[in-house]
>>> print(open('input03.pdb').read())   # PDB, C-alpha atoms and all ligand atoms
ATOM      1  CA  MET A   1      74.862  67.802  94.883
ATOM      2  CA  PRO A   2      76.334  71.054  93.513
ATOM      3  CA  ALA A   3      79.906  70.101  94.419
ATOM      4  CA  ALA A   4      79.676  66.995  92.297
ATOM      5  CA  LEU A   5      78.405  68.867  89.267
ATOM      6  CA  ASP A   6      81.161  71.447  89.490
ATOM      7  CA  LEU A   7      83.838  68.841  89.917
ATOM      8  CA  THR A   8      82.963  67.125  86.667
ATOM      9  CA  GLY A   9      83.795  70.262  84.748
ATOM     10  CA  VAL A  10      86.912  70.987  86.782
ATOM     11  CA  ILE A  11      88.582  67.649  86.160
ATOM     12  CA  LYS A  12      87.391  67.412  82.581
ATOM     13  CA  SER A  13      89.003  70.706  81.711
ATOM     14  CA  SER A  14      92.195  69.897  83.576
ATOM     15  CA  THR A  15      94.237  68.877  80.563
ATOM     16  CA  SER A  16      94.365  72.331  79.090
ATOM     17  CA  PRO A  17      93.739  75.170  81.606
ATOM     18  CA  TYR A  18      96.039  73.748  84.265
ATOM     19  CA  VAL A  19      98.873  73.057  81.924
ATOM     20  CA  GLU A  20      98.316  76.584  80.703
ATOM     21  CA  LYS A  21      98.504  77.795  84.321
ATOM     22  CA  ARG A  22     101.818  76.008  84.712
ATOM     23  CA  ARG A  23     103.073  77.835  81.679
ATOM     24  CA  GLN A  24     102.171  81.160  83.318
ATOM     25  CA  PHE A  25     103.663  80.353  86.713
ATOM     26  CA  ARG A  26     106.397  77.974  85.783
ATOM     27  CA  ARG A  27     109.790  78.179  87.345
ATOM     28  CA  PRO A  28     112.500  77.090  84.977
ATOM     29  CA  SER A  29     114.315  75.195  87.737
ATOM     30  CA  ARG A  30     111.340  72.980  88.338
ATOM     31  CA  TYR A  31     109.137  72.670  85.319
ATOM     32  CA  ALA A  32     109.209  73.103  81.636
ATOM     33  CA  ILE A  33     106.207  72.554  79.438
ATOM     34  CA  ALA A  34     107.238  70.543  76.439
ATOM     35  CA  CYS A  35     103.877  70.872  74.757
ATOM     36  CA  CYS A  36     100.271  71.032  75.824
ATOM     37  CA  SER A  37      99.791  68.531  78.683
ATOM     38  CA  THR A  38     103.328  67.162  78.404
ATOM     39  CA  VAL A  39     105.221  67.992  81.563
ATOM     40  CA  THR A  40     108.930  67.747  82.120
ATOM     41  CA  ALA A  41     109.424  67.408  85.855
ATOM     42  CA  ILE A  42     112.770  68.179  87.401
ATOM     43  CA  ALA A  43     113.461  66.706  90.835
ATOM     44  CA  ARG A  44     113.085  69.560  93.289
ATOM     45  CA  ASP A  45     115.996  68.869  95.595
ATOM     46  CA  ALA A  46     118.334  67.504  92.981
ATOM     47  CA  ALA A  47     121.450  69.279  91.799
ATOM     48  CA  PRO A  48     120.779  71.433  88.711
ATOM     49  CA  THR A  49     122.533  68.975  86.432
ATOM     50  CA  ALA A  50     120.802  65.873  87.803
ATOM     51  CA  THR A  51     117.392  66.277  86.232
ATOM     52  CA  ALA A  52     114.941  63.416  86.255
ATOM     53  CA  GLN A  53     112.869  64.042  83.198
ATOM     54  CA  VAL A  54     109.506  62.404  82.911
ATOM     55  CA  GLU A  55     107.763  63.100  79.644
ATOM     56  CA  ARG A  56     104.039  62.561  79.865
ATOM     57  CA  SER A  57     101.113  63.181  77.646
ATOM     58  CA  VAL A  58      98.405  62.594  80.235
ATOM     59  CA  VAL A  59      97.298  64.431  83.337
ATOM     60  CA  ARG A  60      97.832  62.547  86.585
ATOM     61  CA  LEU A  61      95.254  62.693  89.349
ATOM     62  CA  GLY A  62      96.293  61.438  92.810
ATOM     63  CA  LEU A  63      93.575  59.866  94.970
ATOM     64  CA  PRO A  64      93.892  58.510  98.539
ATOM     65  CA  SER A  65      94.837  54.837  98.308
ATOM     66  CA  LYS A  66      93.367  53.935 101.675
ATOM     67  CA  GLY A  67      92.184  55.397 104.919
ATOM     68  CA  ARG A  68      89.171  57.538 105.705
ATOM     69  CA  MET A  69      89.086  59.507 102.506
ATOM     70  CA  ALA A  70      89.529  56.692 100.003
ATOM     71  CA  GLU A  71      85.986  55.420  99.734
ATOM     72  CA  GLU A  72      84.267  58.795  99.920
ATOM     73  CA  THR A  73      86.509  60.168  97.204
ATOM     74  CA  LEU A  74      85.553  57.357  94.831
ATOM     75  CA  THR A  75      81.887  57.777  95.745
ATOM     76  CA  LEU A  76      82.050  61.498  95.021
ATOM     77  CA  LEU A  77      83.706  60.963  91.654
ATOM     78  CA  LYS A  78      81.153  58.299  90.786
ATOM     79  CA  SER A  79      78.340  60.700  91.598
ATOM     80  CA  CYS A  80      79.895  63.085  89.058
ATOM     81  CA  GLN A  81      79.823  60.353  86.405
ATOM     82  CA  LEU A  82      83.595  60.130  86.849
ATOM     83  CA  THR A  83      83.673  56.474  87.888
ATOM     84  CA  VAL A  84      87.214  55.305  88.583
ATOM     85  CA  ARG A  85      88.022  51.980  86.920
ATOM     86  CA  GLN A  86      90.612  49.970  88.811
ATOM     87  CA  LEU A  87      91.269  46.590  87.248
ATOM     88  CA  ASN A  88      92.998  45.124  90.289
ATOM     89  CA  PRO A  89      92.696  46.461  93.871
ATOM     90  CA  ARG A  90      96.407  45.782  94.468
ATOM     91  CA  GLN A  91      97.418  47.992  91.567
ATOM     92  CA  TYR A  92      97.943  51.669  92.178
ATOM     93  CA  THR A  93      96.880  53.001  88.807
ATOM     94  CA  ALA A  94      93.398  53.314  87.400
ATOM     95  CA  ASP A  95      91.520  55.341  84.850
ATOM     96  CA  ILE A  96      88.312  57.241  84.449
ATOM     97  CA  PRO A  97      86.728  56.016  81.211
ATOM     98  CA  LEU A  98      85.098  59.391  80.612
ATOM     99  CA  LEU A  99      88.481  61.165  80.718
ATOM    100  CA  PRO A 100      90.881  59.415  78.352
ATOM    101  CA  ASN A 101      93.603  62.005  78.910
ATOM    102  CA  LEU A 102      93.871  61.329  82.608
ATOM    103  CA  GLU A 103      95.569  58.688  84.761
ATOM    104  CA  VAL A 104      94.555  58.001  88.341
ATOM    105  CA  TRP A 105      97.314  57.152  90.826
ATOM    106  CA  PHE A 106      96.341  55.854  94.266
ATOM    107  CA  GLN A 107      98.729  57.177  96.903
ATOM    108  CA  ARG A 108      98.762  57.887 100.633
ATOM    109  CA  PRO A 109      97.438  61.440 101.200
ATOM    110  CA  LYS A 110     100.828  62.734 102.397
ATOM    111  CA  ASP A 111     102.478  61.299  99.286
ATOM    112  CA  ILE A 112      99.894  63.010  97.084
ATOM    113  CA  VAL A 113     101.049  66.344  98.503
ATOM    114  CA  ARG A 114     104.713  65.427  98.054
ATOM    115  CA  LYS A 115     104.122  64.268  94.487
ATOM    116  CA  LEU A 116     102.173  67.389  93.555
ATOM    117  CA  GLN A 117     105.184  69.408  94.648
ATOM    118  CA  SER A 118     107.661  67.237  92.773
ATOM    119  CA  GLY A 119     105.566  67.317  89.605
ATOM    120  CA  ASP A 120     104.810  63.588  89.596
ATOM    121  CA  LEU A 121     101.108  64.371  89.991
ATOM    122  CA  ASP A 122      99.178  67.245  88.447
ATOM    123  CA  LEU A 123      95.992  67.125  90.523
ATOM    124  CA  GLY A 124      95.201  65.524  93.857
ATOM    125  CA  ILE A 125      92.296  65.183  96.256
ATOM    126  CA  VAL A 126      93.411  65.532  99.894
ATOM    127  CA  GLY A 127      92.496  67.155 103.184
ATOM    128  CA  TYR A 128      93.585  70.626 104.185
ATOM    129  CA  ASP A 129      95.467  69.128 107.162
ATOM    130  CA  THR A 130      97.709  67.069 104.879
ATOM    131  CA  VAL A 131      98.349  69.972 102.528
ATOM    132  CA  SER A 132      99.164  72.255 105.461
ATOM    133  CA  GLU A 133     101.458  69.724 107.134
ATOM    134  CA  TYR A 134     103.342  68.432 104.108
ATOM    135  CA  GLY A 135     103.043  71.560 101.947
ATOM    136  CA  GLN A 136     104.359  73.647 104.858
ATOM    137  CA  GLY A 137     102.796  76.873 103.640
ATOM    138  CA  ASN A 138     103.799  76.385 100.023
ATOM    139  CA  GLU A 139     101.644  78.915  98.202
ATOM    140  CA  ASP A 140     102.039  77.087  94.926
ATOM    141  CA  LEU A 141      99.684  74.383  96.175
ATOM    142  CA  VAL A 142      96.515  75.854  94.792
ATOM    143  CA  ILE A 143      92.950  74.799  95.501
ATOM    144  CA  VAL A 144      91.094  74.039  92.290
ATOM    145  CA  HIS A 145      87.829  73.011  93.916
ATOM    146  CA  ASP A 146      87.255  73.248  97.633
ATOM    147  CA  ALA A 147      83.682  72.263  98.238
ATOM    148  CA  LEU A 148      83.913  68.498  98.156
ATOM    149  CA  GLU A 149      81.979  68.405 101.420
ATOM    150  CA  TYR A 150      83.397  65.355 103.154
ATOM    151  CA  GLY A 151      86.333  64.540 105.436
ATOM    152  CA  ALA A 152      85.856  67.629 107.599
ATOM    153  CA  CYS A 153      87.750  67.565 110.895
ATOM    154  CA  HIS A 154      89.630  69.876 113.272
ATOM    155  CA  LEU A 155      93.250  69.700 114.268
ATOM    156  CA  VAL A 156      93.332  70.510 117.973
ATOM    157  CA  LEU A 157      95.380  70.580 121.129
ATOM    158  CA  ALA A 158      93.754  68.360 123.757
ATOM    159  CA  ILE A 159      94.568  67.668 127.417
ATOM    160  CA  PRO A 160      93.231  65.337 130.117
ATOM    161  CA  LYS A 161      90.081  66.560 131.857
ATOM    162  CA  GLU A 162      91.423  65.666 135.276
ATOM    163  CA  GLY A 163      94.592  65.607 137.355
ATOM    164  CA  ILE A 164      96.960  68.537 136.909
ATOM    165  CA  PHE A 165      94.761  69.917 134.125
ATOM    166  CA  GLU A 166      91.522  69.894 136.091
ATOM    167  CA  ASN A 167      91.323  73.700 136.242
ATOM    168  CA  ILE A 168      92.989  74.350 132.907
ATOM    169  CA  ASN A 169      90.580  75.212 130.119
ATOM    170  CA  SER A 170      92.387  77.527 127.748
ATOM    171  CA  ILE A 171      95.718  77.691 126.003
ATOM    172  CA  ASP A 172      96.526  80.857 127.961
ATOM    173  CA  GLU A 173      95.993  79.024 131.235
ATOM    174  CA  LEU A 174      98.122  76.162 129.943
ATOM    175  CA  SER A 175     100.959  78.489 129.000
ATOM    176  CA  ARG A 176     100.806  80.176 132.421
ATOM    177  CA  MET A 177     101.276  76.891 134.290
ATOM    178  CA  THR A 178     104.540  77.192 136.212
ATOM    179  CA  LYS A 179     105.015  73.445 136.078
ATOM    180  CA  TRP A 180     106.588  73.538 132.615
ATOM    181  CA  THR A 181     110.310  74.194 132.639
ATOM    182  CA  ALA A 182     113.271  73.385 130.427
ATOM    183  CA  GLU A 183     113.878  70.286 132.566
ATOM    184  CA  ARG A 184     110.224  69.272 132.668
ATOM    185  CA  PRO A 185     108.555  70.559 129.507
ATOM    186  CA  LEU A 186     104.958  69.995 128.427
ATOM    187  CA  ARG A 187     105.179  66.730 126.476
ATOM    188  CA  VAL A 188     103.016  66.833 123.371
ATOM    189  CA  VAL A 189     102.561  63.888 121.037
ATOM    190  CA  THR A 190     101.411  64.520 117.480
ATOM    191  CA  GLY A 191     101.586  63.194 113.947
ATOM    192  CA  PHE A 192     101.744  66.838 112.811
ATOM    193  CA  THR A 193     105.367  67.620 113.554
ATOM    194  CA  TYR A 194     105.387  70.771 111.424
ATOM    195  CA  LEU A 195     102.018  72.332 112.336
ATOM    196  CA  GLY A 196     101.994  71.240 115.994
ATOM    197  CA  PRO A 197     105.211  72.890 117.230
ATOM    198  CA  LYS A 198     104.642  75.936 115.008
ATOM    199  CA  PHE A 199     101.206  76.510 116.541
ATOM    200  CA  LEU A 200     102.381  76.034 120.120
ATOM    201  CA  LYS A 201     105.252  78.438 119.586
ATOM    202  CA  GLU A 202     102.923  81.042 118.067
ATOM    203  CA  LYS A 203     100.670  80.674 121.106
ATOM    204  CA  GLY A 204     103.559  81.453 123.412
ATOM    205  CA  LEU A 205     104.156  78.043 124.982
ATOM    206  CA  LYS A 206     107.801  78.087 125.896
ATOM    207  CA  HIS A 207     108.723  74.737 127.370
ATOM    208  CA  VAL A 208     107.384  72.084 125.033
ATOM    209  CA  ALA A 209     108.803  68.710 123.999
ATOM    210  CA  ILE A 210     107.257  67.226 120.883
ATOM    211  CA  THR A 211     107.206  63.511 120.193
ATOM    212  CA  THR A 212     105.589  61.773 117.270
ATOM    213  CA  ALA A 213     103.557  58.626 116.759
ATOM    214  CA  ASP A 214     101.418  57.184 113.976
ATOM    215  CA  GLY A 215      98.119  56.531 115.735
ATOM    216  CA  ALA A 216      96.145  55.993 118.931
ATOM    217  CA  LEU A 217      97.556  59.262 120.258
ATOM    218  CA  GLU A 218      94.652  59.646 122.667
ATOM    219  CA  SER A 219      96.119  56.798 124.725
ATOM    220  CA  TYR A 220      99.381  58.621 125.448
ATOM    221  CA  PRO A 221      98.318  60.866 128.357
ATOM    222  CA  ALA A 222      96.682  57.959 130.188
ATOM    223  CA  MET A 223      99.779  55.846 129.606
ATOM    224  CA  GLY A 224     101.869  58.642 131.071
ATOM    225  CA  THR A 225     104.011  59.057 127.965
ATOM    226  CA  ALA A 226     102.636  62.507 127.036
ATOM    227  CA  ASP A 227     100.795  65.353 128.750
ATOM    228  CA  ALA A 228      98.833  66.562 125.743
ATOM    229  CA  ILE A 229      98.110  65.681 122.118
ATOM    230  CA  VAL A 230      97.692  67.562 118.851
ATOM    231  CA  ASP A 231      95.457  65.413 116.676
ATOM    232  CA  LEU A 232      92.505  65.358 114.310
ATOM    233  CA  VAL A 233      89.001  65.325 115.722
ATOM    234  CA  SER A 234      85.752  64.867 113.850
ATOM    235  CA  SER A 235      82.940  63.490 116.025
ATOM    236  CA  GLY A 236      84.888  64.015 119.267
ATOM    237  CA  THR A 237      84.186  60.443 120.388
ATOM    238  CA  THR A 238      87.827  59.355 120.662
ATOM    239  CA  LEU A 239      88.735  62.354 122.820
ATOM    240  CA  ARG A 240      85.713  61.803 125.042
ATOM    241  CA  GLU A 241      86.296  58.080 125.460
ATOM    242  CA  ASN A 242      89.867  58.772 126.537
ATOM    243  CA  ASN A 243      88.903  61.457 129.030
ATOM    244  CA  LEU A 244      90.483  64.266 127.037
ATOM    245  CA  GLU A 245      89.116  67.633 126.014
ATOM    246  CA  GLU A 246      89.951  70.312 123.488
ATOM    247  CA  VAL A 247      91.709  73.343 124.895
ATOM    248  CA  GLU A 248      89.975  76.671 124.311
ATOM    249  CA  GLY A 249      92.058  78.596 121.769
ATOM    250  CA  GLY A 250      93.830  75.362 120.857
ATOM    251  CA  THR A 251      92.438  74.876 117.364
ATOM    252  CA  VAL A 252      95.306  74.509 114.916
ATOM    253  CA  LEU A 253      93.091  73.974 111.857
ATOM    254  CA  LEU A 254      89.380  74.569 111.785
ATOM    255  CA  ARG A 255      86.810  72.129 110.469
ATOM    256  CA  SER A 256      84.994  73.381 107.421
ATOM    257  CA  ARG A 257      82.785  71.911 104.748
ATOM    258  CA  ARG A 258      85.619  72.787 102.396
ATOM    259  CA  PHE A 259      88.252  70.827 104.277
ATOM    260  CA  THR A 260      88.782  68.300 101.515
ATOM    261  CA  ALA A 261      89.747  69.800  98.186
ATOM    262  CA  LEU A 262      91.098  69.132  94.740
ATOM    263  CA  TYR A 263      94.604  70.638  94.589
ATOM    264  CA  PHE A 264      96.954  71.668  91.827
ATOM    265  CA  PHE A 265     100.621  72.668  92.135
ATOM    266  CA  ARG A 266     101.429  75.590  89.881
TER     267      ARG A 266
HETATM  268  N1  LIG B 301      88.333  61.826 112.298
HETATM  269  C1  LIG B 301      89.302  61.903 111.408
HETATM  270  N2  LIG B 301      90.498  61.474 111.746
HETATM  271  C2  LIG B 301      91.506  61.500 110.880
HETATM  272  N3  LIG B 301      91.404  61.993 109.638
HETATM  273  C3  LIG B 301      90.245  62.451 109.258
HETATM  274  C4  LIG B 301      89.146  62.432 110.114
HETATM  275  N4  LIG B 301      88.118  62.932 109.466
HETATM  276  C5  LIG B 301      88.578  63.266 108.268
HETATM  277  N5  LIG B 301      89.865  62.991 108.111
HETATM  278  C6  LIG B 301      90.666  63.236 106.889
HETATM  279  O1  LIG B 301      91.130  61.993 106.380
HETATM  280  C7  LIG B 301      92.520  62.086 106.079
HETATM  281  C8  LIG B 301      93.127  60.728 106.047
HETATM  282  O2  LIG B 301      93.071  60.158 107.311
HETATM  283  P1  LIG B 301      93.679  58.717 107.551
HETATM  284  O3  LIG B 301      93.610  58.445 109.013
HETATM  285  O4  LIG B 301      93.061  57.774 106.630
HETATM  286  O5  LIG B 301      95.159  59.062 107.205
HETATM  287  P2  LIG B 301      96.370  58.459 106.493
HETATM  288  O6  LIG B 301      97.002  59.621 105.789
HETATM  289  O7  LIG B 301      96.063  57.206 105.757
HETATM  290  O8  LIG B 301      97.224  58.181 107.743
HETATM  291  P3  LIG B 301      98.563  57.452 107.832
HETATM  292  O9  LIG B 301      99.277  57.638 106.523
HETATM  293  O10 LIG B 301      99.221  58.153 108.964
HETATM  294  O11 LIG B 301      98.153  56.057 108.131
HETATM  295  C9  LIG B 301      93.037  63.058 107.113
HETATM  296  O12 LIG B 301      94.273  63.603 106.726
HETATM  297  C10 LIG B 301      91.917  64.091 107.151
HETATM  298  O13 LIG B 301      92.040  64.992 106.071
HETATM  299  O1  LIG B 302      86.689  62.551 116.636
HETATM  300  P1  LIG B 302      86.612  61.155 116.142
HETATM  301  O2  LIG B 302      85.462  60.956 115.205
HETATM  302  O3  LIG B 302      86.579  60.150 117.258
HETATM  303  O4  LIG B 302      87.894  60.880 115.239
HETATM  304  C1  LIG B 302      89.182  61.207 115.672
HETATM  305  C2  LIG B 302      90.118  60.059 115.591
HETATM  306  O5  LIG B 302      90.193  59.569 114.255
HETATM  307  C3  LIG B 302      91.553  59.544 113.837
HETATM  308  O6  LIG B 302      92.153  58.360 114.133
HETATM  309  P2  LIG B 302      91.936  57.056 113.242
HETATM  310  O7  LIG B 302      90.571  56.495 113.449
HETATM  311  O8  LIG B 302      92.277  57.397 111.828
HETATM  312  O9  LIG B 302      92.941  56.067 113.890
HETATM  313  P3  LIG B 302      94.436  56.266 114.345
HETATM  314  O10 LIG B 302      94.395  56.798 115.737
HETATM  315  O11 LIG B 302      95.030  54.913 114.288
HETATM  316  O12 LIG B 302      95.096  57.236 113.375
HETATM  317  C4  LIG B 302      92.201  60.664 114.640
HETATM  318  O13 LIG B 302      93.601  60.488 114.717
HETATM  319  C5  LIG B 302      91.504  60.510 115.974
HETATM  320  O14 LIG B 302      92.129  59.555 116.771
END
>>> encode(input="input03.pdb", output="structure tokens")
Amino acid sequence: MPAALDLTGVIKSSTSPYVEKRRQFRRPSRYAIACCSTVTAIARDAAPTATAQVERSVVRLGLPSKGRMAEETLTLLKSCQLTVRQLNPRQYTADIPLLPNLEVWFQRPKDIVRKLQSGDLDLGIVGYDTVSEYGQGNEDLVIVHDALEYGACHLVLAIPKEGIFENINSIDELSRMTKWTAERPLRVVTGFTYLGPKFLKEKGLKHVAITTADGALESYPAMGTADAIVDLVSSGTTLRENNLEEVEGGTVLLRSRRFTALYFFR
């Protein structure tokens, strides 16, 4: 597996080149490099005087603590001879015996993105959807290796196949429906409260009300609590089983073999 072979080198060399990168791109308000691979992180939103300094001499790698990506991430690393050693499954730290200068921290994917940006993690493996949603276009979240080849999915707008949407197939047709008004907007439920509304606005949908929920979004239209959803799709089974379909032109993020990547925040 070529991705696996490449990844070994990428993580192994992370203690020096990436700290070096930080030196090149560093912003004094956020980071200072005390010495090679020792990072002083300054809380991003804190007042300039209230700096939370965390001196470290190891690189921190964030891995998904649970959910769909957790197992496949560990399997991939293992296939690169980078077996993660976790002494107790209820602990959130681990190590990779082959890389003594690196700590593994298990975190929820969204927290990996947040912690990359705050400087609490140096590297993290997450999906492009999570980086896009929680990084909100932050160009300093840099892909180090993007061919991990698992976890691919789309983020799409989907509507019921029947009822008022029976003859609606595209996002243009949806936006031309006269039914949506300020008083009765198109109700969209999504866990992606940054990407979802941004996409719908860019596509010209004027009267939209966004609500959020943590899961089982495909049940909302049938329950009558939403008209449409913006959610992740991989096999398409959940949409199909709930009588929903993707809207043509409604792809917010496209599936790709490179969907899951190793990220660095410069
Ligand atoms: N069919 C899929 N549905 C959801 N996520 C998928 C799918 N296929 C791949 N993924 C990837 O797995 C990641 C983690 O999904 P998971 O549902 O485990 O999320 P999570 O972050 O633990 O959710 P939450 O914190 O809301 O419980 C997604 O962000 C996405 O990158
Ligand atoms: O296209 P499919 O292969 O059917 O996968 C898509 C489903 O998987 C995810 O949900 P998950 O299983 O993580 O459960 P959740 O709804 O509780 O988040 C996603 O939110 C979809 O509901």
>>> axis_aligned_box(input="input03.pdb", around="ligand LIG 302 (chain B)", padding_each_side="4 Å", output="JSON")
{"center_x": 90.3, "center_y": 58.7, "center_z": 114.5, "size_x": 17.6, "size_y": 15.6, "size_z": 13.4}
>>> residues_near_ligand(input="input03.pdb", ligand="ligand LIG 301 (chain B)", cutoff="7 Å", atoms="all atoms listed in the file", output="list in words")
Lys66, Gly67, Arg68, Met69, Arg108, Pro109, Lys110, Val126, Gly127, Tyr128, Asp129, Thr130, Gly151, Ala152, Cys153, Asp214, Leu232, Val233, Ser234, Ser235 and Thr260 of chain A
>>> closest_residue(input="input03.pdb", among="A:Thr225, A:Gln86, A:Gln107, A:Ser219", to="ligand LIG 302 (chain B)", atoms="all atoms listed in the file")
A:Ser219
>>> atom_distance(input="input03.pdb", atom1="CA of Ser256 (chain A)", atom2="atom P1 of ligand LIG 302 (chain B)")
15.1 Å
>>> residues_near_point(input="input03.pdb", point="(94.5, 68.0, 128.6)", cutoff="7 Å", atoms="only C-alpha atoms", output="list in words")
Ala158, Ile159, Pro160, Lys161, Phe165, Asp227, Ala228, Leu244 and Glu245 of chain A
>>> residues_around(input="input03.pdb", residues="Asn138 (chain A)", least_positions_apart="2", cutoff="12 Å", atoms="all atoms listed in the file", output="ChimeraX atom specification")
/A:113-114,116-117,131-136,140-143,264-266
>>> atom_distance(input="input03.pdb", atom1="CA of Leu61 (chain A)", atom2="CA of Ile96 (chain A)")
10.1 Å
>>> closest_residue(input="input03.pdb", among="A:Ala226, A:Leu217, A:Val252, A:Ile164", to="ligand LIG 302 (chain B)", atoms="all atoms listed in the file")
A:Leu217
>>> closest_residue(input="input03.pdb", among="A:Glu162, A:Asp111, A:Asp122, A:Asp231", to="ligand LIG 302 (chain B)", atoms="all atoms listed in the file")
A:Asp231
>>> closest_residue(input="input03.pdb", among="A:Val230, A:Gly236, A:Asp146, A:Leu157", to="Asn169 (chain A)", atoms="all atoms listed in the file")
A:Leu157
>>> resolve_selection(input="input03.pdb", expression="the PyMOL selection byres (((chain A and resi 248) around 9) and not hetatm)", output="ChimeraX atom specification")
/A:157,169-172,246-247,249-251
>>> resolve_selection(input="input03.pdb", expression="the PyMOL selection byres (((chain A and resi 203) around 10) and not hetatm)", output="MDAnalysis selection string")
chainID A and resid 171:172 175 197:202 204:206 249:250
>>> residues_around(input="input03.pdb", residues="Leu186 (chain A)", least_positions_apart="2", cutoff="7 Å", atoms="all atoms listed in the file", output="CSV table (one decimal) with C-alpha atoms, in the frame of the given file")
chain,number,residue,atom,x,y,z
A,180,TRP,CA,106.6,73.5,132.6
A,184,ARG,CA,110.2,69.3,132.7
A,188,VAL,CA,103.0,66.8,123.4
A,207,HIS,CA,108.7,74.7,127.4
A,208,VAL,CA,107.4,72.1,125.0
A,209,ALA,CA,108.8,68.7,124.0
A,227,ASP,CA,100.8,65.4,128.8
>>> closest_residue(input="input03.pdb", among="A:Thr93, A:Thr238, A:Thr73, A:Gln81", to="ligand LIG 302 (chain B)", atoms="only C-alpha atoms and all ligand atoms")
A:Thr238
>>> atom_distance(input="input03.pdb", atom1="CA of Gly124 (chain A)", atom2="CA of Ala261 (chain A)")
8.2 Å
>>> closest_residue(input="input03.pdb", among="A:Asp120, A:Glu173, A:Glu241, A:Glu183", to="ligand LIG 302 (chain B)", atoms="all atoms listed in the file")
A:Glu241
>>> resolve_selection(input="input03.pdb", expression="the PyMOL selection byres (((chain A and resi 102) around 8) and not hetatm)", output="PDB file with C-alpha atoms, keeping the file's coordinate frame")
ATOM      1  CA  THR A  15      94.237  68.877  80.563  1.00  0.00           C
ATOM      2  CA  VAL A  58      98.405  62.594  80.235  1.00  0.00           C
ATOM      3  CA  VAL A  59      97.298  64.431  83.337  1.00  0.00           C
ATOM      4  CA  ARG A  60      97.832  62.547  86.585  1.00  0.00           C
ATOM      5  CA  LEU A  61      95.254  62.693  89.349  1.00  0.00           C
ATOM      6  CA  ASP A  95      91.520  55.341  84.850  1.00  0.00           C
ATOM      7  CA  ILE A  96      88.312  57.241  84.449  1.00  0.00           C
ATOM      8  CA  LEU A  99      88.481  61.165  80.718  1.00  0.00           C
ATOM      9  CA  PRO A 100      90.881  59.415  78.352  1.00  0.00           C
ATOM     10  CA  ASN A 101      93.603  62.005  78.910  1.00  0.00           C
ATOM     11  CA  GLU A 103      95.569  58.688  84.761  1.00  0.00           C
ATOM     12  CA  VAL A 104      94.555  58.001  88.341  1.00  0.00           C
TER      13      VAL A 104
END
